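Enquirer: Contents of structure.cif (mmCIF, C-alpha atoms) are given next:
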```cif
data_data
loop_
_atom_site.group_PDB
_atom_site.id
_atom_site.type_symbol
_atom_site.label_atom_id
_atom_site.label_comp_id
_atom_site.auth_asym_id
_atom_site.auth_seq_id
_atom_site.Cartn_x
_atom_site.Cartn_y
_atom_site.Cartn_z
ATOM 1 C CA MET A 1 114.276 -143.889 -108.330
ATOM 2 C CA LYS A 2 113.017 -141.332 -110.862
ATOM 3 C CA LYS A 3 109.241 -141.301 -111.276
ATOM 4 C CA LEU A 4 107.530 -141.460 -114.665
ATOM 5 C CA ASN A 5 106.267 -138.154 -116.030
ATOM 6 C CA LEU A 6 102.749 -139.563 -116.016
ATOM 7 C CA SER A 7 99.340 -139.100 -114.404
ATOM 8 C CA VAL A 8 97.610 -142.370 -113.537
ATOM 9 C CA ILE A 9 93.872 -141.994 -112.971
ATOM 10 C CA ILE A 10 92.188 -144.880 -111.137
ATOM 11 C CA PHE A 11 88.386 -145.074 -111.301
ATOM 12 C CA THR A 12 86.705 -146.466 -108.206
ATOM 13 C CA SER A 13 83.290 -147.157 -106.718
ATOM 14 C CA ASN A 14 83.054 -149.265 -103.552
ATOM 15 C CA SER A 15 86.468 -150.700 -104.377
ATOM 16 C CA ALA A 16 87.932 -151.071 -100.879
ATOM 17 C CA SER A 17 89.017 -154.668 -101.480
ATOM 18 C CA VAL A 18 91.063 -153.861 -104.603
ATOM 19 C CA ILE A 19 92.086 -150.177 -104.593
ATOM 20 C CA GLU A 20 95.374 -150.650 -102.715
ATOM 21 C CA ARG A 21 96.535 -153.252 -105.253
ATOM 22 C CA ALA A 22 95.731 -150.917 -108.162
ATOM 23 C CA ILE A 23 97.564 -147.967 -106.592
ATOM 24 C CA LYS A 24 100.672 -150.007 -105.781
ATOM 25 C CA SER A 25 100.825 -151.357 -109.336
ATOM 26 C CA ALA A 26 101.141 -147.764 -110.603
ATOM 27 C CA SER A 27 103.678 -146.602 -108.012
ATOM 28 C CA SER A 28 106.261 -145.730 -110.696
ATOM 29 C CA ALA A 29 104.082 -142.814 -111.876
ATOM 30 C CA ASP A 30 104.729 -139.261 -110.695
ATOM 31 C CA GLU A 31 101.030 -138.613 -110.039
ATOM 32 C CA ILE A 32 98.267 -141.008 -108.976
ATOM 33 C CA ILE A 33 94.704 -139.725 -108.909
ATOM 34 C CA VAL A 34 91.834 -141.748 -107.473
ATOM 35 C CA PHE A 35 88.568 -140.674 -109.070
ATOM 36 C CA ASP A 36 85.795 -142.029 -106.898
ATOM 37 C CA SER A 37 82.150 -142.382 -107.875
ATOM 38 C CA GLY A 38 80.035 -142.334 -104.710
ATOM 39 C CA SER A 39 81.770 -145.003 -102.640
ATOM 40 C CA THR A 40 80.080 -145.870 -99.356
ATOM 41 C CA ASP A 41 82.759 -148.297 -98.138
ATOM 42 C CA ASP A 42 86.382 -147.592 -97.126
ATOM 43 C CA THR A 43 87.663 -146.934 -100.674
ATOM 44 C CA VAL A 44 88.383 -143.238 -100.110
ATOM 45 C CA LYS A 45 89.920 -143.808 -96.673
ATOM 46 C CA ILE A 46 92.325 -146.439 -98.058
ATOM 47 C CA ALA A 47 93.155 -144.365 -101.137
ATOM 48 C CA LYS A 48 94.102 -141.336 -99.032
ATOM 49 C CA LYS A 49 96.773 -143.424 -97.294
ATOM 50 C CA HIS A 50 98.575 -143.708 -100.637
ATOM 51 C CA THR A 51 97.824 -140.471 -102.503
ATOM 52 C CA LYS A 52 96.663 -136.962 -101.693
ATOM 53 C CA ASN A 53 94.843 -136.791 -105.029
ATOM 54 C CA VAL A 54 91.415 -138.267 -104.287
ATOM 55 C CA ILE A 55 88.489 -136.748 -106.182
ATOM 56 C CA GLN A 56 84.943 -137.631 -105.119
ATOM 57 C CA ILE A 57 81.856 -137.265 -107.294
ATOM 58 C CA GLN A 58 78.261 -138.476 -107.064
ATOM 59 C CA PHE A 59 77.577 -142.086 -107.996
ATOM 60 C CA ILE A 60 77.471 -142.900 -111.722
ATOM 61 C CA PRO A 61 76.664 -146.574 -112.464
ATOM 62 C CA TYR A 62 79.374 -147.029 -115.108
ATOM 63 C CA VAL A 63 82.727 -145.492 -115.928
ATOM 64 C CA GLU A 64 82.464 -143.983 -119.429
ATOM 65 C CA PRO A 65 80.815 -140.662 -118.433
ATOM 66 C CA GLN A 66 83.579 -140.122 -115.867
ATOM 67 C CA ARG A 67 86.542 -140.286 -118.253
ATOM 68 C CA GLU A 68 86.576 -136.738 -119.667
ATOM 69 C CA GLN A 69 85.769 -135.181 -116.284
ATOM 70 C CA ALA A 70 88.638 -137.044 -114.618
ATOM 71 C CA LEU A 71 91.121 -135.836 -117.233
ATOM 72 C CA THR A 72 90.715 -132.229 -116.052
ATOM 73 C CA HIS A 73 92.435 -133.165 -112.778
ATOM 74 C CA ALA A 74 95.606 -134.592 -114.369
ATOM 75 C CA THR A 75 98.596 -132.232 -114.234
ATOM 76 C CA HIS A 76 100.717 -134.149 -116.752
ATOM 77 C CA GLU A 77 100.239 -134.269 -120.521
ATOM 78 C CA TRP A 78 100.459 -138.053 -120.546
ATOM 79 C CA VAL A 79 97.820 -140.146 -118.805
ATOM 80 C CA LEU A 80 97.149 -143.800 -117.997
ATOM 81 C CA PHE A 81 93.606 -144.880 -117.153
ATOM 82 C CA LEU A 82 93.132 -147.762 -114.722
ATOM 83 C CA ASP A 83 89.949 -149.231 -113.313
ATOM 84 C CA ALA A 84 90.050 -150.199 -109.646
ATOM 85 C CA ASP A 85 90.050 -153.923 -110.438
ATOM 86 C CA GLU A 86 93.082 -153.612 -112.723
ATOM 87 C CA GLU A 87 96.856 -153.577 -112.292
ATOM 88 C CA ALA A 88 99.242 -151.567 -114.444
ATOM 89 C CA PRO A 89 101.470 -153.519 -116.879
ATOM 90 C CA GLU A 90 104.894 -154.689 -115.719
ATOM 91 C CA ASN A 91 106.422 -152.971 -118.759
ATOM 92 C CA LEU A 92 104.743 -149.625 -118.055
ATOM 93 C CA GLU A 93 108.007 -147.638 -118.068
ATOM 94 C CA GLU A 94 108.953 -148.947 -121.528
ATOM 95 C CA MET A 95 105.453 -148.189 -122.849
ATOM 96 C CA VAL A 96 105.528 -144.620 -121.553
ATOM 97 C CA THR A 97 108.953 -143.990 -123.083
ATOM 98 C CA TYR A 98 107.833 -145.428 -126.417
ATOM 99 C CA ALA A 99 104.591 -143.407 -126.435
ATOM 100 C CA GLN A 100 106.236 -140.111 -125.526
ATOM 101 C CA GLU A 101 109.044 -140.488 -128.073
ATOM 102 C CA ARG A 102 106.650 -141.318 -130.929
ATOM 103 C CA ASN A 103 103.557 -139.396 -129.781
ATOM 104 C CA VAL A 104 101.223 -142.400 -130.110
ATOM 105 C CA VAL A 105 98.159 -143.706 -128.307
ATOM 106 C CA VAL A 106 99.029 -147.049 -126.736
ATOM 107 C CA ASN A 107 96.447 -149.799 -127.163
ATOM 108 C CA ILE A 108 97.208 -152.065 -124.195
ATOM 109 C CA PRO A 109 96.134 -155.738 -123.975
ATOM 110 C CA ARG A 110 94.206 -156.860 -120.892
ATOM 111 C CA LYS A 111 94.724 -160.161 -119.139
ATOM 112 C CA ASN A 112 91.169 -160.906 -117.974
ATOM 113 C CA MET A 113 90.952 -163.079 -114.867
ATOM 114 C CA ILE A 114 87.469 -164.592 -114.544
ATOM 115 C CA PHE A 115 86.579 -166.979 -111.722
ATOM 116 C CA GLY A 116 90.269 -167.341 -110.920
ATOM 117 C CA LYS A 117 91.492 -168.179 -114.428
ATOM 118 C CA TRP A 118 93.179 -166.199 -117.202
ATOM 119 C CA ILE A 119 90.723 -166.383 -120.107
ATOM 120 C CA GLU A 120 92.854 -166.643 -123.257
ATOM 121 C CA HIS A 121 89.977 -167.016 -125.737
ATOM 122 C CA SER A 122 86.214 -166.258 -125.702
ATOM 123 C CA GLY A 123 86.904 -162.717 -126.973
ATOM 124 C CA TYR A 124 88.746 -161.798 -123.761
ATOM 125 C CA TRP A 125 92.303 -161.782 -125.110
ATOM 126 C CA PRO A 126 94.084 -159.656 -126.145
ATOM 127 C CA ASP A 127 91.141 -157.306 -125.411
ATOM 128 C CA ARG A 128 93.153 -154.154 -126.189
ATOM 129 C CA HIS A 129 92.143 -150.741 -124.833
ATOM 130 C CA PRO A 130 93.665 -147.272 -125.593
ATOM 131 C CA ARG A 131 94.563 -146.463 -121.992
ATOM 132 C CA LEU A 132 97.935 -144.674 -122.351
ATOM 133 C CA PHE A 133 97.673 -141.413 -124.264
ATOM 134 C CA LYS A 134 98.473 -137.723 -124.488
ATOM 135 C CA LYS A 135 95.706 -135.319 -123.490
ATOM 136 C CA GLY A 136 93.651 -134.302 -126.500
ATOM 137 C CA SER A 137 94.480 -137.381 -128.554
ATOM 138 C CA VAL A 138 91.506 -139.413 -127.283
ATOM 139 C CA ILE A 139 87.887 -138.307 -126.924
ATOM 140 C CA TRP A 140 85.883 -140.414 -124.490
ATOM 141 C CA HIS A 141 82.163 -140.935 -125.085
ATOM 142 C CA THR A 142 79.472 -141.436 -122.462
ATOM 143 C CA GLU A 143 77.674 -144.544 -123.777
ATOM 144 C CA ILE A 144 78.315 -147.747 -121.819
ATOM 145 C CA HIS A 145 81.137 -149.896 -123.261
ATOM 146 C CA SER A 146 81.584 -147.350 -126.084
ATOM 147 C CA LYS A 147 84.878 -146.992 -127.934
ATOM 148 C CA PRO A 148 86.580 -143.582 -127.821
ATOM 149 C CA THR A 149 87.491 -141.454 -130.828
ATOM 150 C CA ILE A 150 91.253 -141.455 -131.364
ATOM 151 C CA ASN A 151 93.000 -138.550 -133.092
ATOM 152 C CA ALA A 152 96.533 -139.911 -133.203
ATOM 153 C CA GLU A 153 98.543 -142.866 -134.427
ATOM 154 C CA ILE A 154 97.715 -146.056 -132.523
ATOM 155 C CA TYR A 155 100.368 -148.446 -131.254
ATOM 156 C CA ASN A 156 99.068 -151.965 -130.609
ATOM 157 C CA VAL A 157 101.318 -153.333 -127.903
ATOM 158 C CA PRO A 158 102.384 -156.958 -128.589
ATOM 159 C CA ALA A 159 100.038 -159.349 -126.794
ATOM 160 C CA ILE A 160 102.376 -160.838 -124.193
ATOM 161 C CA GLU A 161 101.782 -161.069 -120.448
ATOM 162 C CA ASN A 162 104.373 -158.477 -119.381
ATOM 163 C CA ASN A 163 102.654 -155.872 -121.545
ATOM 164 C CA ALA A 164 99.160 -156.560 -120.225
ATOM 165 C CA LEU A 165 96.928 -154.798 -117.779
ATOM 166 C CA ILE A 166 95.800 -157.447 -115.319
ATOM 167 C CA HIS A 167 92.028 -157.246 -115.027
ATOM 168 C CA HIS A 168 90.489 -159.077 -112.072
ATOM 169 C CA HIS A 169 87.206 -159.126 -113.955
ATOM 170 C CA TYR A 170 84.802 -161.331 -111.990
ATOM 171 C CA THR A 171 85.587 -163.247 -108.817
ATOM 172 C CA SER A 172 82.115 -164.721 -108.254
ATOM 173 C CA VAL A 173 78.893 -165.548 -110.090
ATOM 174 C CA THR A 174 77.030 -163.152 -107.788
ATOM 175 C CA GLU A 175 79.313 -160.305 -108.841
ATOM 176 C CA TRP A 176 78.645 -161.132 -112.497
ATOM 177 C CA ILE A 177 74.861 -161.174 -111.976
ATOM 178 C CA LEU A 178 74.783 -157.889 -110.037
ATOM 179 C CA ARG A 179 76.941 -156.108 -112.600
ATOM 180 C CA MET A 180 74.939 -157.613 -115.468
ATOM 181 C CA ASP A 181 71.714 -156.234 -113.985
ATOM 182 C CA ARG A 182 73.236 -152.757 -113.659
ATOM 183 C CA TYR A 183 74.865 -152.691 -117.094
ATOM 184 C CA THR A 184 71.852 -154.074 -118.983
ATOM 185 C CA SER A 185 69.596 -151.451 -117.393
ATOM 186 C CA VAL A 186 71.930 -148.741 -118.665
ATOM 187 C CA LYS A 187 72.250 -150.354 -122.100
ATOM 188 C CA VAL A 188 68.507 -150.711 -122.642
ATOM 189 C CA LYS A 189 68.014 -146.979 -122.008
ATOM 190 C CA GLU A 190 70.402 -146.315 -124.887
ATOM 191 C CA LEU A 191 68.237 -148.641 -127.033
ATOM 192 C CA GLN A 192 64.901 -147.047 -126.129
ATOM 193 C CA ASP A 193 64.345 -145.903 -129.746
ATOM 194 C CA VAL A 194 65.073 -149.392 -131.121
ATOM 195 C CA PRO A 195 61.843 -151.373 -131.658
ATOM 196 C CA PHE A 196 61.489 -154.590 -129.652
ATOM 197 C CA VAL A 197 61.326 -157.736 -131.822
ATOM 198 C CA TRP A 198 60.122 -160.767 -129.903
ATOM 199 C CA THR A 199 62.391 -163.227 -131.733
ATOM 200 C CA SER A 200 65.367 -161.436 -130.162
ATOM 201 C CA VAL A 201 64.732 -163.368 -126.928
ATOM 202 C CA LEU A 202 65.847 -166.440 -128.899
ATOM 203 C CA THR A 203 68.240 -165.090 -131.518
ATOM 204 C CA ALA A 204 70.248 -162.586 -129.433
ATOM 205 C CA PRO A 205 71.358 -165.085 -126.738
ATOM 206 C CA LEU A 206 72.230 -167.741 -129.321
ATOM 207 C CA ALA A 207 74.208 -165.285 -131.452
ATOM 208 C CA GLU A 208 76.224 -164.259 -128.390
ATOM 209 C CA PHE A 209 76.814 -167.869 -127.369
ATOM 210 C CA LEU A 210 77.984 -168.827 -130.883
ATOM 211 C CA ARG A 211 80.314 -165.833 -131.036
ATOM 212 C CA ARG A 212 81.907 -166.495 -127.660
ATOM 213 C CA TYR A 213 82.077 -170.278 -127.706
ATOM 214 C CA PHE A 214 82.750 -171.053 -131.372
ATOM 215 C CA ALA A 215 83.881 -168.009 -133.398
ATOM 216 C CA TRP A 216 86.107 -166.753 -130.552
ATOM 217 C CA GLU A 217 87.125 -170.290 -129.537
ATOM 218 C CA GLY A 218 85.754 -170.213 -126.010
ATOM 219 C CA TYR A 219 85.714 -174.027 -126.071
ATOM 220 C CA LYS A 220 89.502 -173.834 -125.618
ATOM 221 C CA ASP A 221 88.950 -172.273 -122.183
ATOM 222 C CA GLY A 222 87.326 -175.457 -120.870
ATOM 223 C CA LEU A 223 84.425 -175.201 -118.447
ATOM 224 C CA HIS A 224 85.251 -171.523 -117.889
ATOM 225 C CA GLY A 225 84.722 -170.880 -121.607
ATOM 226 C CA LEU A 226 81.389 -172.697 -121.664
ATOM 227 C CA VAL A 227 80.105 -170.868 -118.587
ATOM 228 C CA ILE A 228 81.277 -167.469 -119.870
ATOM 229 C CA ALA A 229 79.532 -168.061 -123.214
ATOM 230 C CA LEU A 230 76.324 -168.994 -121.388
ATOM 231 C CA LEU A 231 76.515 -166.000 -119.039
ATOM 232 C CA ASP A 232 77.137 -163.616 -121.943
ATOM 233 C CA ALA A 233 74.143 -165.202 -123.684
ATOM 234 C CA VAL A 234 72.047 -164.428 -120.593
ATOM 235 C CA TYR A 235 73.366 -160.840 -120.745
ATOM 236 C CA SER A 236 71.941 -160.543 -124.287
ATOM 237 C CA LEU A 237 68.677 -162.151 -123.149
ATOM 238 C CA MET A 238 68.364 -159.643 -120.297
ATOM 239 C CA ILE A 239 68.704 -156.736 -122.719
ATOM 240 C CA ALA A 240 65.943 -158.180 -124.908
ATOM 241 C CA LEU A 241 63.682 -158.780 -121.890
ATOM 242 C CA LYS A 242 64.255 -155.287 -120.511
ATOM 243 C CA GLN A 243 63.396 -153.860 -123.932
ATOM 244 C CA TRP A 244 60.111 -155.763 -123.670
ATOM 245 C CA GLU A 245 59.644 -154.441 -120.154
ATOM 246 C CA MET A 246 60.022 -150.874 -121.466
ATOM 247 C CA ILE A 247 56.927 -151.364 -123.636
ATOM 248 C CA LYS A 248 55.062 -152.722 -120.587
ATOM 249 C CA PHE A 249 55.264 -156.372 -121.707
ATOM 250 C CA ALA A 250 52.966 -155.705 -124.669
ATOM 251 C CA GLU A 251 52.101 -158.628 -126.936
ATOM 252 C CA PRO A 252 53.791 -158.328 -130.365
ATOM 253 C CA GLN A 253 51.722 -157.702 -133.498
ATOM 254 C CA GLU A 254 52.891 -161.050 -134.844
ATOM 255 C CA SER A 255 51.379 -163.934 -132.885
ATOM 256 C CA VAL A 256 53.871 -166.042 -130.940
ATOM 257 C CA THR A 257 52.597 -169.451 -131.981
ATOM 258 C CA LEU A 258 54.034 -172.902 -131.367
ATOM 259 C CA THR A 259 54.719 -173.238 -135.103
ATOM 260 C CA ARG A 260 56.646 -169.936 -135.179
ATOM 261 C CA VAL A 261 58.704 -170.865 -132.132
ATOM 262 C CA GLU A 262 59.449 -174.280 -133.645
ATOM 263 C CA LYS A 263 60.682 -172.569 -136.813
ATOM 264 C CA GLU A 264 63.056 -170.393 -134.797
ATOM 265 C CA PHE A 265 64.405 -173.366 -132.840
ATOM 266 C CA LEU A 266 64.991 -175.360 -136.030
ATOM 267 C CA ALA A 267 67.007 -172.439 -137.415
ATOM 268 C CA LEU A 268 68.983 -172.271 -134.179
ATOM 269 C CA GLN A 269 69.599 -176.024 -134.320
ATOM 270 C CA LYS A 270 70.912 -175.686 -137.868
ATOM 271 C CA GLU A 271 73.255 -172.893 -136.805
ATOM 272 C CA LEU A 272 74.589 -174.917 -133.875
ATOM 273 C CA GLY A 273 75.123 -177.932 -136.137
ATOM 274 C CA TYR A 274 77.137 -175.830 -138.564
ATOM 275 C CA TRP A 275 79.497 -174.646 -135.826
ATOM 276 C CA PHE A 276 80.003 -178.090 -134.300
ATOM 277 C CA ARG A 277 80.949 -179.419 -137.753
ATOM 278 C CA GLU A 278 83.292 -176.504 -138.428
ATOM 279 C CA ILE A 279 85.137 -177.030 -135.143
ATOM 280 C CA ALA A 280 85.372 -180.759 -135.822
ATOM 281 C CA LEU A 281 86.915 -179.975 -139.219
ATOM 282 C CA LYS A 282 89.405 -177.596 -137.610
ATOM 283 C CA SER A 283 90.392 -180.333 -135.186
ATOM 284 C CA ALA A 284 90.789 -183.032 -137.868
ATOM 285 C CA LYS A 285 94.262 -184.545 -137.737
ATOM 286 C CA ASN A 286 94.932 -184.918 -141.475
ATOM 287 C CA THR A 287 93.637 -183.994 -144.953
ATOM 288 C CA SER A 288 91.925 -187.336 -145.639
ATOM 289 C CA GLU A 289 89.944 -187.054 -142.415
ATOM 290 C CA LYS A 290 88.842 -183.549 -143.403
ATOM 291 C CA ILE A 291 87.755 -184.749 -146.886
ATOM 292 C CA LEU A 292 85.717 -187.573 -145.356
ATOM 293 C CA MET A 293 83.999 -185.169 -142.966
ATOM 294 C CA ARG A 294 83.184 -182.804 -145.836
ATOM 295 C CA LEU A 295 81.634 -185.663 -147.821
ATOM 296 C CA LYS A 296 79.491 -186.699 -144.874
ATOM 297 C CA GLN A 297 78.389 -183.096 -144.473
ATOM 298 C CA LYS A 298 77.331 -182.889 -148.154
ATOM 299 C CA ILE A 299 75.415 -186.157 -147.930
ATOM 300 C CA ARG A 300 73.632 -184.969 -144.772
ATOM 301 C CA THR A 301 72.721 -181.661 -146.452
ATOM 302 C CA SER A 302 71.322 -183.392 -149.580
ATOM 303 C CA LEU A 303 69.045 -185.732 -147.624
#
```
Spit out the file's structure as structure tokens when you get a sec.
Expert:
Amino acid sequence: MKKLNLSVIIFTSNSASVIERAIKSASSADEIIVFDSGSTDDTVKIAKKHTKNVIQIQFIPYVEPQREQALTHATHEWVLFLDADEEAPENLEEMVTYAQERNVVVNIPRKNMIFGKWIEHSGYWPDRHPRLFKKGSVIWHTEIHSKPTINAEIYNVPAIENNALIHHHYTSVTEWILRMDRYTSVKVKELQDVPFVWTSVLTAPLAEFLRRYFAWEGYKDGLHGLVIALLDAVYSLMIALKQWEMIKFAEPQESVTLTRVEKEFLALQKELGYWFREIALKSAKNTSEKILMRLKQKIRTSL
């Protein structure tokens, strides 16, 4: 079987439990490179059983700063990036052919598996990422979770399962908490010039919860959607708290009084009420039911 004219770069760090799966998913590629960031487990040993191209660097707590450095080791013009907890798409061969014929950057959807379930809402689908590209067409930045600069036409692959990277995102709550602690510490360093506002400990978590659960329809993911929205809210809270920690837990200039906190909670309650009503309207079975709900909403607002 002819191999794809493609370099697949897999980013690892203590990924012994998942690296073999990632490598096997990309076996159709002519070159597989494992780019390892300071693993202390058996990641490198396992990787070397499947490819001679294993590059080891010192530990970096997140992947973005590694992208450009890893590219220098690829011998092919066309590259696919994979993280260790991902699997290449089933339709990889068709994607590569399409990209090379049209010289486009391929924005690939990711099928995020969280706590054993494919999350189809909550902002986690189609979750496209520009992972298949020609060298020079994408510039990768070093900030955590930053989007790269793309200097080519982008092809958004249709959001169907066969086209998706499978991302085994979180398998346990402990994993989520440990990663959250690491990522928020990195993120808050990037925000060190942003002034801390004490109300953010209330508003930032709620905004994230509303976005995940309501605007991005996380409620359709059942209990998983509710838990994910709450955990992402905690992520936002942790960033706010670590910003406060950076200024040595100083008291804000504005006094944090019971009256002020009550005002914030009333605003949050109003925001929650709006979203619950909007979702109820979306779920209404017919036009007359929607009209009745709108009337009730107007009456409630006028009281």
Enquirer: Report as number ranges by chain all protein, DNA and RNA residues lying within 9 Å of Thr75 (chain A), evaluated on only C-alpha atoms, omitting residues in the same chain fewer than 3 positions from it.
Expert: A: 6-7, 31, 71-72, 78
Enquirer: Hey, can you spit out that residue selection with C-alpha atoms as a short mmCIF file (atom, residue, chain, number, x, y, z; two decimals), keeping the file's coordinate frame?
Expert:
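Below is the file that was written, out39.cif:
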```
data_model
loop_
_atom_site.label_atom_id
_atom_site.label_comp_id
_atom_site.auth_asym_id
_atom_site.auth_seq_id
_atom_site.Cartn_x
_atom_site.Cartn_y
_atom_site.Cartn_z
CA LEU A 6 102.75 -139.56 -116.02
CA SER A 7 99.34 -139.10 -114.40
CA GLU A 31 101.03 -138.61 -110.04
CA LEU A 71 91.12 -135.84 -117.23
CA THR A 72 90.72 -132.23 -116.05
CA TRP A 78 100.46 -138.05 -120.55
#
```
Enquirer: Quick one: residues within 7 Å of Thr184 (chain A), only C-alpha atoms, excluding same-chain residues fewer than 4 positions away - as number ranges by chain?
Expert: A: 180, 188, 238-239
Enquirer: Next, write the just-selected residues to a file, as a PDB file, in the frame of the given file, keeping C-alpha atoms as the atom set.
Expert:
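Output file part_34.pdb is given in full below:
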```pdb
ATOM      1  CA  MET A 180      74.939-157.613-115.468  1.00  0.00           C
ATOM      2  CA  VAL A 188      68.507-150.711-122.642  1.00  0.00           C
ATOM      3  CA  MET A 238      68.364-159.643-120.297  1.00  0.00           C
ATOM      4  CA  ILE A 239      68.704-156.736-122.719  1.00  0.00           C
TER       5      ILE A 239
END
```
Enquirer: How would you write, as a list in words, the residues chosen by the PyMOL selection byres ((chain A and resi 176) around 12) on this structure?
Expert: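 Selected by the PyMOL selection byres ((chain A and resi 176) around 12) here: Ile114, Phe115, His169, Tyr170, Thr171, Ser172, Val173, Thr174, Glu175, Ile177, Leu178, Arg179, Met180, Asp181, Arg182, Tyr183, Thr184, Val227, Ile228, Leu231, Asp232, Val234 and Tyr235 of chain A.
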Enquirer: CA of Ile23 (chain A) and CA of Phe35 (chain A) are how many Å apart?
Expert: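 Separation between CA of Ile23 (chain A) and CA of Phe35 (chain A): 11.8 Å.
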Enquirer: Please report the interatomic distance between CA of Leu230 (chain A) and CA of Val194 (chain A) in Å with one decimal.
Expert: 24.6 Å
Enquirer: Looking at A:Ser185, A:Gln56, A:Asn163, A:Thr259, which one is nearest to Asn107 (chain A), with distances taken over all atoms listed in the file?
Expert: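 When distances to Asn107 (chain A) are compared using all atoms listed in the file, the smallest one comes from A:Asn163.
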Enquirer: Could you list the residues chosen by the PyMOL selection byres ((chain A and resi 20) around 9) in this structure as a list in words?
Expert: Ala16, Ser17, Val18, Ile19, Arg21, Ala22, Ile23, Lys24, Ser25, Thr43, Ile46, Ala47, His50 and Ala84 of chain A
Enquirer: By how many Å are CA of Ala88 (chain A) and CA of Lys134 (chain A) apart?
Expert: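 The value is 17.1 Å.
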Enquirer: Fewer than 3 positions away in the same chain doesn't count, so skip those; otherwise give me all residues within 10 Å of Leu226 (chain A), counting only C-alpha atoms, as a ChimeraX atom specification.
Expert: /A:122,209,212-214,218-223,229-231
Enquirer: Considering only C-alpha atoms, can you say which of A:Pro252, A:Gly273, A:Gly225, A:Pro148 comes closest to Trp118 (chain A)?
Expert: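 Of the candidates, the smallest distance to Trp118 (chain A) is held by A:Gly225.
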Enquirer: Would you translate the PyMOL selection byres ((chain A and resi 145) around 9) into the concrete set of residues it matches in this file, as a list in words?
Expert: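 Listing what the PyMOL selection byres ((chain A and resi 145) around 9) selects in the shown file: Tyr62, Val63, Glu64, Thr142, Glu143, Ile144, Ser146, Lys147 and Lys187 of chain A.
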Enquirer: Point out the residue among A:Tyr124, A:Ala204, A:Val106, A:Glu264 with the least atom-to-atom distance to Asn156 (chain A), counting all atoms listed in the file.
Expert: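 Nearest candidate to Asn156 (chain A) out of A:Tyr124, A:Ala204, A:Val106, A:Glu264: A:Val106.
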Enquirer: Kindly indicate which residue among A:Ile10, A:Leu82, A:Ala215, A:Val201 lies nearest to Val54 (chain A), using only C-alpha atoms for the distances.
Expert: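 Looking at the shortest contact to Val54 (chain A), the residue is A:Ile10.
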